[in-house]
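S.K.: As input, take entry.cif (mmCIF, C-alpha atoms and all ligand atoms):
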data_data
loop_
_atom_site.label_atom_id
_atom_site.label_comp_id
_atom_site.auth_asym_id
_atom_site.auth_seq_id
_atom_site.Cartn_x
_atom_site.Cartn_y
_atom_site.Cartn_z
CA MET R 149 63.60 83.53 81.19
CA ALA R 150 65.43 86.67 82.35
CA GLU R 151 68.37 87.74 80.23
CA PRO R 152 71.71 87.15 81.95
CA ALA R 153 73.38 90.23 83.38
CA VAL R 154 76.41 89.63 81.17
CA PHE R 155 76.77 87.52 78.06
CA ALA R 156 80.06 87.36 76.16
CA LYS R 157 80.80 85.01 73.30
CA GLY R 158 84.17 85.05 71.60
CA LEU R 159 84.52 88.62 72.85
CA THR R 160 87.74 90.21 71.66
CA LYS R 161 89.33 93.63 71.89
CA GLU R 162 92.65 93.90 70.19
CA TYR R 163 94.59 97.13 70.53
CA THR R 164 96.83 98.18 67.64
CA ASN R 165 99.79 96.60 69.50
CA GLY R 166 98.04 93.19 69.56
CA LYS R 167 97.32 93.37 73.32
CA GLY R 168 93.88 93.39 74.92
CA CYS R 169 91.60 90.43 75.54
CA HIS R 170 90.73 87.60 73.22
CA ASP R 171 87.90 85.14 72.63
CA ILE R 172 86.18 85.50 76.00
CA HIS R 173 83.16 83.28 76.66
CA LEU R 174 81.38 84.17 79.86
CA THR R 175 77.78 84.30 81.10
CA LEU R 176 76.90 85.91 84.42
CA PRO R 177 73.36 85.11 85.53
CA ASN R 178 71.47 87.63 87.65
CA GLY R 179 72.45 87.48 91.30
CA GLU R 180 75.93 86.13 90.72
CA VAL R 181 78.90 87.69 92.49
CA PHE R 182 81.81 87.11 90.17
CA GLY R 183 85.47 87.74 90.94
CA LEU R 184 87.69 88.49 87.97
CA LEU R 185 91.31 87.73 88.77
CA GLY R 186 94.43 88.02 86.72
CA PRO R 187 97.98 89.28 86.77
CA ASN R 188 98.75 92.90 85.86
CA GLY R 189 98.09 93.56 82.20
CA ALA R 190 95.94 90.43 81.80
CA GLY R 191 93.08 92.33 80.17
CA LYS R 192 90.64 92.69 83.08
CA SER R 193 89.98 96.42 82.68
CA THR R 194 89.72 96.02 78.92
CA PHE R 195 87.02 93.39 79.39
CA VAL R 196 85.11 95.49 81.92
CA LYS R 197 85.29 98.62 79.75
CA MET R 198 83.62 96.72 76.90
CA LEU R 199 80.74 95.80 79.23
CA VAL R 200 80.09 99.42 80.13
CA GLY R 201 80.44 100.64 76.54
CA LEU R 202 83.70 102.58 77.04
CA LEU R 203 85.55 100.38 74.56
CA HIS R 204 84.27 98.78 71.39
CA LYS R 205 84.90 95.11 70.71
CA THR R 206 86.92 94.11 67.67
CA ALA R 207 85.19 90.70 67.40
CA GLY R 208 82.64 88.44 69.08
CA GLU R 209 79.41 89.22 70.90
CA VAL R 210 78.61 91.02 74.12
CA LYS R 211 75.29 91.82 75.78
CA VAL R 212 74.36 93.36 79.09
CA PHE R 213 70.84 92.39 80.19
CA GLY R 214 70.27 91.29 76.60
CA LEU R 215 71.26 94.65 75.12
CA PRO R 216 74.41 95.90 73.42
CA PRO R 217 76.57 97.77 75.94
CA GLY R 218 76.48 101.53 75.86
CA ARG R 219 72.72 101.78 75.25
CA PRO R 220 71.07 104.10 77.81
CA GLU R 221 68.72 101.24 78.86
CA SER R 222 71.61 98.93 79.73
CA ARG R 223 73.78 101.70 81.20
CA ARG R 224 71.01 102.64 83.60
CA LYS R 225 71.17 99.15 85.08
CA ILE R 226 74.92 99.32 85.65
CA GLY R 227 76.88 100.92 88.45
CA TYR R 228 80.55 101.22 87.56
CA LEU R 229 83.60 102.13 89.60
CA PRO R 230 86.53 102.57 87.19
CA GLU R 231 90.03 101.74 88.30
CA LEU R 232 91.51 105.24 88.35
CA PHE R 233 88.54 107.46 88.89
CA ARG R 234 88.96 111.27 88.78
CA PHE R 235 86.35 113.44 90.45
CA GLN R 236 85.39 117.04 89.96
CA ASP R 237 87.38 117.85 93.09
CA TRP R 238 85.95 121.36 93.52
CA LEU R 239 82.56 119.78 94.32
CA THR R 240 81.58 118.38 97.70
CA GLY R 241 81.03 114.65 98.12
CA TYR R 242 77.30 115.29 98.26
CA GLU R 243 77.34 117.30 95.00
CA VAL R 244 79.37 114.63 93.19
CA LEU R 245 76.80 112.05 94.20
CA GLN R 246 73.87 114.25 93.22
CA PHE R 247 75.45 114.62 89.79
CA HIS R 248 75.89 110.84 89.45
CA ALA R 249 72.38 110.21 90.72
CA ARG R 250 71.05 112.51 87.96
CA LEU R 251 73.16 110.65 85.38
CA ALA R 252 71.76 107.37 86.70
CA GLY R 253 68.23 108.70 86.15
CA VAL R 254 67.26 108.93 89.84
CA ASP R 255 64.00 110.87 90.35
CA LYS R 256 64.21 114.28 91.99
CA SER R 257 61.87 113.05 94.72
CA ALA R 258 64.16 110.10 95.55
CA MET R 259 67.43 112.00 95.09
CA HIS R 260 68.16 113.04 98.69
CA ARG R 261 67.19 109.69 100.11
CA GLN R 262 69.37 107.80 97.61
CA VAL R 263 72.39 110.07 98.09
CA ASP R 264 72.09 109.94 101.88
CA ARG R 265 71.74 106.15 101.80
CA VAL R 266 74.93 105.55 99.80
CA LEU R 267 76.92 108.17 101.74
CA GLU R 268 76.07 106.37 104.97
CA LEU R 269 76.73 102.98 103.39
CA VAL R 270 80.30 103.88 102.42
CA GLY R 271 80.99 105.70 105.71
CA LEU R 272 81.12 109.25 104.34
CA GLY R 273 77.92 110.51 105.98
CA ASP R 274 79.65 113.08 108.17
CA ARG R 275 82.03 114.32 105.41
CA ARG R 276 79.35 115.03 102.82
CA THR R 277 79.78 118.82 102.81
CA GLU R 278 83.56 118.79 102.38
CA ARG R 279 85.14 119.36 99.00
CA VAL R 280 86.51 116.23 97.33
CA ARG R 281 89.96 117.83 97.04
CA SER R 282 90.25 117.56 100.82
CA TYR R 283 89.40 113.83 100.79
CA SER R 284 92.12 111.23 101.33
CA LYS R 285 92.68 108.60 98.62
CA GLY R 286 90.70 106.10 100.66
CA MET R 287 87.78 108.53 101.02
CA GLN R 288 87.83 109.18 97.27
CA GLN R 289 87.63 105.46 96.66
CA ARG R 290 84.66 105.22 99.02
CA LEU R 291 83.03 108.07 97.12
CA GLY R 292 83.67 106.19 93.85
CA LEU R 293 81.93 103.17 95.32
CA ALA R 294 79.02 105.37 96.38
CA CYS R 295 78.80 106.74 92.80
CA ALA R 296 78.59 103.16 91.51
CA LEU R 297 75.77 102.35 93.92
CA VAL R 298 73.72 105.54 93.79
CA GLY R 299 71.15 104.60 91.16
CA ASP R 300 70.47 101.26 92.91
CA PRO R 301 71.80 99.42 89.83
CA GLN R 302 71.23 95.73 89.14
CA LEU R 303 74.77 95.07 87.93
CA ILE R 304 77.65 96.58 89.87
CA ILE R 305 81.06 96.53 88.24
CA LEU R 306 83.93 97.41 90.53
CA ASP R 307 87.42 97.72 89.11
CA GLU R 308 89.86 97.43 92.05
CA PRO R 309 87.50 98.98 94.62
CA VAL R 310 89.79 98.72 97.64
CA SER R 311 93.27 99.44 96.29
CA ALA R 312 93.58 102.71 98.29
CA LEU R 313 91.88 101.51 101.46
CA ASP R 314 93.46 100.55 104.77
CA PRO R 315 92.58 97.15 106.30
CA GLY R 316 89.58 98.62 108.15
CA GLY R 317 88.27 100.17 104.94
CA ARG R 318 88.76 96.91 103.05
CA HIS R 319 86.81 95.09 105.69
CA GLU R 320 83.95 97.60 105.39
CA VAL R 321 83.87 97.29 101.60
CA ARG R 322 83.78 93.53 101.97
CA SER R 323 80.70 93.90 104.21
CA ILE R 324 79.09 96.18 101.60
CA LEU R 325 79.74 93.54 98.94
CA THR R 326 78.27 90.83 101.16
CA GLY R 327 75.20 93.06 101.62
CA LEU R 328 74.85 93.50 97.85
CA ARG R 329 75.16 89.74 97.37
CA ASP R 330 72.44 89.16 99.97
CA GLU R 331 70.18 91.68 98.19
CA GLY R 332 70.54 89.56 95.04
CA LYS R 333 72.57 92.09 93.03
CA THR R 334 74.93 90.95 90.32
CA VAL R 335 78.48 92.04 91.06
CA LEU R 336 81.59 91.85 88.92
CA LEU R 337 84.57 92.41 91.16
CA ASN R 338 87.86 93.02 89.43
CA THR R 339 90.54 92.61 92.05
CA HIS R 340 93.93 91.30 93.07
CA LEU R 341 92.68 90.40 96.54
CA LEU R 342 92.06 86.68 96.63
CA GLU R 343 90.70 86.76 100.17
CA ASP R 344 87.93 89.12 99.04
CA VAL R 345 87.01 86.72 96.26
CA GLU R 346 87.00 83.79 98.70
CA ALA R 347 84.84 85.75 101.14
CA VAL R 348 82.18 87.21 98.86
CA CYS R 349 82.21 85.72 95.36
CA SER R 350 80.18 82.75 94.21
CA THR R 351 82.14 82.31 90.98
CA VAL R 352 85.57 83.31 89.82
CA GLY R 353 87.40 83.62 86.53
CA LEU R 354 91.06 83.91 85.79
CA LEU R 355 92.26 86.07 82.92
CA SER R 356 95.82 85.71 81.83
CA GLU R 357 97.47 87.00 78.68
CA GLY R 358 94.11 88.30 77.49
CA LYS R 359 92.37 84.93 77.73
CA LEU R 360 89.92 83.51 80.25
CA GLN R 361 92.01 80.54 81.35
CA ALA R 362 89.59 79.13 83.92
CA HIS R 363 86.15 79.86 85.33
CA GLY R 364 84.24 78.07 88.05
CA ARG R 365 82.46 78.09 91.38
CA VAL R 366 84.62 79.33 94.25
CA ASP R 367 83.34 76.49 96.48
CA ASP R 368 84.35 73.86 93.95
CA ILE R 369 87.83 75.30 93.63
CA LEU R 370 88.22 75.53 97.39
CA HIS R 371 86.99 71.99 98.00
CA LYS R 372 89.03 70.43 95.27
CA GLY R 373 92.51 69.46 96.25
CA ARG R 374 92.48 70.65 99.86
CA GLU R 375 95.97 70.53 101.24
CA TRP R 376 96.37 69.35 104.82
CA ILE R 377 99.50 69.86 106.83
CA PHE R 378 100.49 67.41 109.56
CA THR R 379 103.37 67.93 111.96
CA ILE R 380 104.50 64.52 113.10
CA GLY R 381 107.05 62.82 115.35
CA GLY R 382 108.59 59.40 114.70
CA MET R 383 108.48 59.57 110.90
CA GLU R 384 110.65 57.05 108.99
CA PRO R 385 110.94 56.84 105.17
CA ASP R 386 109.27 53.39 105.01
CA LEU R 387 106.40 54.68 107.16
CA LEU R 388 105.74 57.44 104.62
CA LEU R 389 105.42 54.80 101.92
CA GLN R 390 103.10 52.69 104.08
CA LEU R 391 100.99 55.71 104.98
CA GLY R 392 100.55 56.54 101.31
CA GLN R 393 99.64 52.96 100.40
CA GLU R 394 97.11 52.51 103.22
CA THR R 395 95.32 55.85 102.80
CA GLY R 396 95.63 56.30 99.04
CA VAL R 397 96.79 59.87 99.72
CA ARG R 398 99.94 61.18 98.10
CA PHE R 399 102.03 62.83 100.83
CA HIS R 400 105.26 64.73 100.59
CA ILE R 401 107.63 65.90 103.29
CA GLU R 402 107.86 69.67 103.37
CA SER R 403 110.46 69.98 106.14
CA VAL R 404 112.09 68.18 109.05
CA VAL R 405 113.13 70.33 112.01
CA ASP R 406 114.32 68.85 115.33
CA GLU R 407 112.85 65.47 114.41
CA VAL R 408 109.45 67.04 113.71
CA THR R 409 108.34 66.28 110.18
CA THR R 410 105.95 68.52 108.28
CA LEU R 411 103.95 66.36 105.95
CA VAL R 412 101.58 67.68 103.26
CA GLY R 413 98.84 65.70 101.55
CA VAL R 414 95.83 66.50 99.38
CA ILE R 415 92.67 65.12 100.99
CA ASP R 416 89.50 65.80 99.00
CA GLU R 417 86.90 64.26 101.29
CA PRO R 418 86.71 65.63 104.84
CA ALA R 419 85.61 62.17 106.08
CA LYS R 420 88.97 60.78 105.07
CA LEU R 421 90.88 63.05 107.40
CA GLY R 422 89.96 61.01 110.50
CA TYR R 423 91.03 57.83 108.76
CA VAL R 424 94.40 59.34 107.85
CA ASN R 425 94.87 60.36 111.51
CA ASP R 426 94.08 56.79 112.64
CA VAL R 427 96.59 55.28 110.20
CA ILE R 428 99.32 57.69 111.34
CA HIS R 429 98.70 56.61 114.97
CA ARG R 430 98.57 52.94 114.06
CA LEU R 431 101.93 53.21 112.30
CA GLY R 432 103.36 54.43 115.61
CA MET R 433 103.84 58.09 114.75
CA THR R 434 102.73 61.02 116.91
CA ILE R 435 100.60 63.81 115.49
CA TYR R 436 101.39 67.23 116.95
CA THR R 437 99.19 69.41 114.74
CA VAL R 438 96.84 69.10 111.77
CA SER R 439 95.84 72.19 109.78
CA GLU R 440 94.40 73.11 106.45
CA ARG R 441 96.57 75.14 104.11
CA SER R 442 95.18 78.65 103.78
CA GLY R 443 95.19 80.71 100.58
CA ARG R 444 93.88 77.93 98.39
CA LEU R 445 92.59 80.31 95.78
CA GLU R 446 96.13 81.61 95.74
CA ASN R 447 97.37 78.10 94.88
CA TRP R 448 94.83 77.90 92.06
CA PHE R 449 95.88 81.32 90.79
CA LEU R 450 99.59 80.53 90.98
CA GLN R 451 99.24 77.13 89.34
CA LEU R 452 97.27 78.53 86.43
CA THR R 453 99.43 81.59 85.92
CA SER R 454 102.77 79.81 86.39
CA THR R 455 101.95 77.43 83.55
CA LYS R 456 101.62 80.54 81.41
CA GLY R 457 105.21 81.51 82.06
CA HIS R 458 104.72 84.24 84.75
N1 LIG R 501 94.82 101.87 74.94
C1 LIG R 501 95.68 100.86 74.88
N2 LIG R 501 96.48 100.70 73.81
C2 LIG R 501 97.35 99.67 73.72
N3 LIG R 501 97.50 98.70 74.67
C3 LIG R 501 96.72 98.82 75.75
C4 LIG R 501 95.77 99.89 75.92
N4 LIG R 501 95.14 99.72 77.12
C5 LIG R 501 95.67 98.60 77.65
N5 LIG R 501 96.60 98.06 76.83
C6 LIG R 501 97.37 96.81 77.06
O1 LIG R 501 96.44 95.73 77.07
C7 LIG R 501 96.78 94.78 78.07
C8 LIG R 501 95.62 94.62 79.03
O2 LIG R 501 95.48 95.81 79.79
P1 LIG R 501 94.39 95.96 80.96
O3 LIG R 501 94.51 97.35 81.49
O4 LIG R 501 93.07 95.53 80.43
O5 LIG R 501 94.94 94.89 82.02
P2 LIG R 501 94.50 94.63 83.54
O6 LIG R 501 94.34 93.16 83.66
O7 LIG R 501 93.33 95.49 83.89
O8 LIG R 501 95.80 95.10 84.34
P3 LIG R 501 95.99 95.67 85.84
O9 LIG R 501 95.68 94.53 86.78
O10 LIG R 501 97.44 96.05 85.86
O11 LIG R 501 95.07 96.85 85.99
C9 LIG R 501 98.05 95.29 78.72
O12 LIG R 501 99.16 94.66 78.08
C10 LIG R 501 98.04 96.78 78.42
O13 LIG R 501 99.34 97.30 78.34
#
Would you write out, as structure tokens, the structure that this file holds?

M.R.:
Amino acid sequence: MAEPAVFAKGLTKEYTNGKGCHDIHLTLPNGEVFGLLGPNGAGKSTFVKMLVGLLHKTAGEVKVFGLPPGRPESRRKIGYLPELFRFQDWLTGYEVLQFHARLAGVDKSAMHRQVDRVLELVGLGDRRTERVRSYSKGMQQRLGLACALVGDPQLIILDEPVSALDPGGRHEVRSILTGLRDEGKTVLLNTHLLEDVEAVCSTVGLLSEGKLQAHGRVDDILHKGREWIFTIGGMEPDLLLQLGQETGVRFHIESVVDEVTTLVGVIDEPAKLGYVNDVIHRLGMTIYTVSERSGRLENWFLQLTSTKGH
């Protein structure tokens, strides 16, 4: 069986001040697109730096494609975009990429093709001959992404890849990530953008206070505990009780404005939604709108981090 892209068991890095990340257990099989979430200072960059061999663990085990991180054989399979990347800004975008392609072990014969491919992919094709010092922050971030992709790596680790990009740029990076997912690449996306995780990641983990507090499939998290919002006319307190008893759904009133009640309930099975609608009608109430609460990963994130005192 193929070695997983990432294997961490009890992985710990403790800085001299006691901070860092602690006792992380995580396996990323090949082809998984994993979103690593966590509040500022949670330990995400520390974890990622151990995978690429920039930081040494203080305890536990870590392997990348079955090898200790930092070995040339495992490094060659990794494309990495660090959080605050500094370029040799006197070089042109093309030269920076050529340099990274050489570091990634790209053959001379394939060099131009590879560099051209990633420049086009990140939308810098027509700026290739300009010096990096004339690039905007967003262009530099695109170039960083191109550097991570230039050797056609199997595992792509992106630490905050869109922080400097405008909404159009974020959308483009999301399409690039979707493309990588469809090619079967393994991606570790370290981000604060929950909508990117919802859109492209198959699994997600939440780091908080240096510990991996939760880890699971994005679909499972999104389908568990779906909140539905009903705006309703004719609501009476005893009807709310009856509605709850008949449907088995726990509802709460979020607001009442001009006799329109906003009612929220968690409905796990989509089939049950129609039944809930029927019961509301039968009890003599009028439904004005029914919608699903957006930002569900946000709820998951907030619930898990608020219990940790943030
Ligand atoms: N070299 C260091 N020496 C001491 N403490 C450090 C060092 N680097 C990071 N830390 C601390 O370790 C903790 C984790 O930092 P890390 O940069 O890994 O968090 P992060 O989750 O990536 O944060 P952010 O989302 O803000 O980038 C923080 O409390 C940070 O202050």

S.K.: Quote the spacing between atom O4 of ligand LIG 501 (chain R) and CA of Gly364 in chain R in Å to one decimal place.

M.R.: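 One can read the atom O4 of ligand LIG 501 (chain R) to CA of Gly364 in chain R distance as 21.0 Å.
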
S.K.: Write out as a list in words the residues lying within 12 Å of Leu328 in chain R, counting only C-alpha atoms and excluding same-chain residues fewer than 6 positions away.

M.R.: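 Selected residues are Gly179, Glu180, Val181, Leu269, Leu297, Asp300, Pro301, Gln302, Leu303, Ile304, Ile305, Val321, Arg322, Thr334, Val335, Leu336, Leu337, Val348 and Cys349 of chain R.
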
S.K.: Hey, which of R:Gly422, R:Gly166, R:Gly273, R:Gly299 ends up closest to ligand LIG 501 (chain R)? Count only C-alpha atoms and all ligand atoms.

M.R.: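 Comparing R:Gly422, R:Gly166, R:Gly273, R:Gly299 against ligand LIG 501 (chain R), the winner is R:Gly166.
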
S.K.: Give me, as JSON lines, the closest atom pair and its distance (Å, one decimal) for every residue of chain R within a cut-off of 9 Å of ligand LIG 501 (chain R), counting only C-alpha atoms and all ligand atoms, rows sorted by chain and rising number.

M.R.:
{"residue": "R:Glu162", "atom": "CA", "partner": "R:LIG501", "partner_atom": "O1", "distance": 8.1}
{"residue": "R:Tyr163", "atom": "CA", "partner": "R:LIG501", "partner_atom": "C2", "distance": 4.9}
{"residue": "R:Thr164", "atom": "CA", "partner": "R:LIG501", "partner_atom": "C2", "distance": 6.3}
{"residue": "R:Asn165", "atom": "CA", "partner": "R:LIG501", "partner_atom": "C2", "distance": 5.8}
{"residue": "R:Gly166", "atom": "CA", "partner": "R:LIG501", "partner_atom": "N3", "distance": 7.5}
{"residue": "R:Lys167", "atom": "CA", "partner": "R:LIG501", "partner_atom": "O1", "distance": 4.5}
{"residue": "R:Gly168", "atom": "CA", "partner": "R:LIG501", "partner_atom": "O1", "distance": 4.1}
{"residue": "R:Cys169", "atom": "CA", "partner": "R:LIG501", "partner_atom": "C8", "distance": 6.8}
{"residue": "R:Leu185", "atom": "CA", "partner": "R:LIG501", "partner_atom": "O6", "distance": 8.0}
{"residue": "R:Gly186", "atom": "CA", "partner": "R:LIG501", "partner_atom": "O6", "distance": 6.0}
{"residue": "R:Pro187", "atom": "CA", "partner": "R:LIG501", "partner_atom": "O9", "distance": 5.7}
{"residue": "R:Asn188", "atom": "CA", "partner": "R:LIG501", "partner_atom": "O10", "distance": 3.4}
{"residue": "R:Gly189", "atom": "CA", "partner": "R:LIG501", "partner_atom": "O5", "distance": 3.4}
{"residue": "R:Ala190", "atom": "CA", "partner": "R:LIG501", "partner_atom": "O6", "distance": 3.7}
{"residue": "R:Gly191", "atom": "CA", "partner": "R:LIG501", "partner_atom": "O4", "distance": 3.2}
{"residue": "R:Lys192", "atom": "CA", "partner": "R:LIG501", "partner_atom": "O6", "distance": 3.8}
{"residue": "R:Ser193", "atom": "CA", "partner": "R:LIG501", "partner_atom": "O7", "distance": 3.7}
{"residue": "R:Thr194", "atom": "CA", "partner": "R:LIG501", "partner_atom": "O4", "distance": 3.7}
{"residue": "R:Phe195", "atom": "CA", "partner": "R:LIG501", "partner_atom": "O4", "distance": 6.5}
{"residue": "R:Val196", "atom": "CA", "partner": "R:LIG501", "partner_atom": "O4", "distance": 8.1}
{"residue": "R:Lys197", "atom": "CA", "partner": "R:LIG501", "partner_atom": "O4", "distance": 8.4}
{"residue": "R:Glu231", "atom": "CA", "partner": "R:LIG501", "partner_atom": "O11", "distance": 7.4}
{"residue": "R:Asp307", "atom": "CA", "partner": "R:LIG501", "partner_atom": "O7", "distance": 8.2}
{"residue": "R:Glu308", "atom": "CA", "partner": "R:LIG501", "partner_atom": "O11", "distance": 8.0}
{"residue": "R:Asn338", "atom": "CA", "partner": "R:LIG501", "partner_atom": "O7", "distance": 8.2}
{"residue": "R:Thr339", "atom": "CA", "partner": "R:LIG501", "partner_atom": "O9", "distance": 7.6}
{"residue": "R:His340", "atom": "CA", "partner": "R:LIG501", "partner_atom": "O9", "distance": 7.3}
{"residue": "R:Leu355", "atom": "CA", "partner": "R:LIG501", "partner_atom": "O6", "distance": 7.4}
{"residue": "R:Ser356", "atom": "CA", "partner": "R:LIG501", "partner_atom": "O6", "distance": 7.8}
{"residue": "R:Glu357", "atom": "CA", "partner": "R:LIG501", "partner_atom": "C7", "distance": 7.8}
{"residue": "R:Gly358", "atom": "CA", "partner": "R:LIG501", "partner_atom": "C8", "distance": 6.7}

S.K.: Restricting it to C-alpha atoms, dump the selection as a PDB file, in the coordinates of the input.

M.R.:
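Once everything was written out, this is out.pdb:
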ATOM      1  CA  GLU R 162      92.650  93.900  70.190  1.00  0.00           C
ATOM      2  CA  TYR R 163      94.590  97.130  70.530  1.00  0.00           C
ATOM      3  CA  THR R 164      96.830  98.180  67.640  1.00  0.00           C
ATOM      4  CA  ASN R 165      99.790  96.600  69.500  1.00  0.00           C
ATOM      5  CA  GLY R 166      98.040  93.190  69.560  1.00  0.00           C
ATOM      6  CA  LYS R 167      97.320  93.370  73.320  1.00  0.00           C
ATOM      7  CA  GLY R 168      93.880  93.390  74.920  1.00  0.00           C
ATOM      8  CA  CYS R 169      91.600  90.430  75.540  1.00  0.00           C
ATOM      9  CA  LEU R 185      91.310  87.730  88.770  1.00  0.00           C
ATOM     10  CA  GLY R 186      94.430  88.020  86.720  1.00  0.00           C
ATOM     11  CA  PRO R 187      97.980  89.280  86.770  1.00  0.00           C
ATOM     12  CA  ASN R 188      98.750  92.900  85.860  1.00  0.00           C
ATOM     13  CA  GLY R 189      98.090  93.560  82.200  1.00  0.00           C
ATOM     14  CA  ALA R 190      95.940  90.430  81.800  1.00  0.00           C
ATOM     15  CA  GLY R 191      93.080  92.330  80.170  1.00  0.00           C
ATOM     16  CA  LYS R 192      90.640  92.690  83.080  1.00  0.00           C
ATOM     17  CA  SER R 193      89.980  96.420  82.680  1.00  0.00           C
ATOM     18  CA  THR R 194      89.720  96.020  78.920  1.00  0.00           C
ATOM     19  CA  PHE R 195      87.020  93.390  79.390  1.00  0.00           C
ATOM     20  CA  VAL R 196      85.110  95.490  81.920  1.00  0.00           C
ATOM     21  CA  LYS R 197      85.290  98.620  79.750  1.00  0.00           C
ATOM     22  CA  GLU R 231      90.030 101.740  88.300  1.00  0.00           C
ATOM     23  CA  ASP R 307      87.420  97.720  89.110  1.00  0.00           C
ATOM     24  CA  GLU R 308      89.860  97.430  92.050  1.00  0.00           C
ATOM     25  CA  ASN R 338      87.860  93.020  89.430  1.00  0.00           C
ATOM     26  CA  THR R 339      90.540  92.610  92.050  1.00  0.00           C
ATOM     27  CA  HIS R 340      93.930  91.300  93.070  1.00  0.00           C
ATOM     28  CA  LEU R 355      92.260  86.070  82.920  1.00  0.00           C
ATOM     29  CA  SER R 356      95.820  85.710  81.830  1.00  0.00           C
ATOM     30  CA  GLU R 357      97.470  87.000  78.680  1.00  0.00           C
ATOM     31  CA  GLY R 358      94.110  88.300  77.490  1.00  0.00           C
TER      32      GLY R 358
END

S.K.: Expressed in Å to a single decimal, how great is the separation between CA of Arg281 in chain R and CA of Tyr228 in chain R?

M.R.: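 These atoms are spaced 21.3 Å apart.
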
S.K.: Tell me which protein, DNA and RNA residues are within 8 Å of Thr434 in chain R, counting all atoms listed in the file, leaving out same-chain ones fewer than 2 positions away, and put them as a ChimeraX atom specification.

M.R.: /R:380-382,428-429,432,436

S.K.: Could you check the closest approach to Ala294 in chain R for each of R:Glu407, R:Glu402, R:Asp264, R:Glu394 and tell me which residue wins, using all atoms listed in the file?

M.R.: R:Asp264

S.K.: As an exercise, work out the distance from CA of Gly316 in chain R to CA of Gly286 in chain R in Å and give it to one decimal place.

M.R.: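 Between CA of Gly316 in chain R and CA of Gly286 in chain R the gap works out to 10.6 Å.
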
S.K.: Around the point (95.6, 78.7, 100.3) in the file's coordinates, collect all residues with an atom within 12 Å, using only C-alpha atoms, and return them as a PyMOL selection string.

M.R.: chain R and resi 342-343+346+369-377+439-451

S.K.: Can I get the selected residues back with C-alpha atoms, as a short mmCIF file (atom, residue, chain, number, x, y, z; two decimals), in the coordinates of the input?

M.R.:
data_model
loop_
_atom_site.label_atom_id
_atom_site.label_comp_id
_atom_site.auth_asym_id
_atom_site.auth_seq_id
_atom_site.Cartn_x
_atom_site.Cartn_y
_atom_site.Cartn_z
CA LEU R 342 92.06 86.68 96.63
CA GLU R 343 90.70 86.76 100.17
CA GLU R 346 87.00 83.79 98.70
CA ILE R 369 87.83 75.30 93.63
CA LEU R 370 88.22 75.53 97.39
CA HIS R 371 86.99 71.99 98.00
CA LYS R 372 89.03 70.43 95.27
CA GLY R 373 92.51 69.46 96.25
CA ARG R 374 92.48 70.65 99.86
CA GLU R 375 95.97 70.53 101.24
CA TRP R 376 96.37 69.35 104.82
CA ILE R 377 99.50 69.86 106.83
CA SER R 439 95.84 72.19 109.78
CA GLU R 440 94.40 73.11 106.45
CA ARG R 441 96.57 75.14 104.11
CA SER R 442 95.18 78.65 103.78
CA GLY R 443 95.19 80.71 100.58
CA ARG R 444 93.88 77.93 98.39
CA LEU R 445 92.59 80.31 95.78
CA GLU R 446 96.13 81.61 95.74
CA ASN R 447 97.37 78.10 94.88
CA TRP R 448 94.83 77.90 92.06
CA PHE R 449 95.88 81.32 90.79
CA LEU R 450 99.59 80.53 90.98
CA GLN R 451 99.24 77.13 89.34
#

S.K.: If we count all atoms listed in the file, what is near Val266 in chain R at a cut-off of 12 Å, once residues fewer than 5 positions away on the same chain are taken out, given as a list in words?

M.R.: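 Here the answer would be Gly241, Tyr242, Leu245, Gln246, His248, Ala249, Met259, His260, Arg261, Gly271, Leu272, Gly273, Arg276, Arg290, Leu291, Gly292, Leu293, Ala294, Cys295, Ala296, Leu297, Val298, Gly299, Asp300 and Ile324 of chain R.
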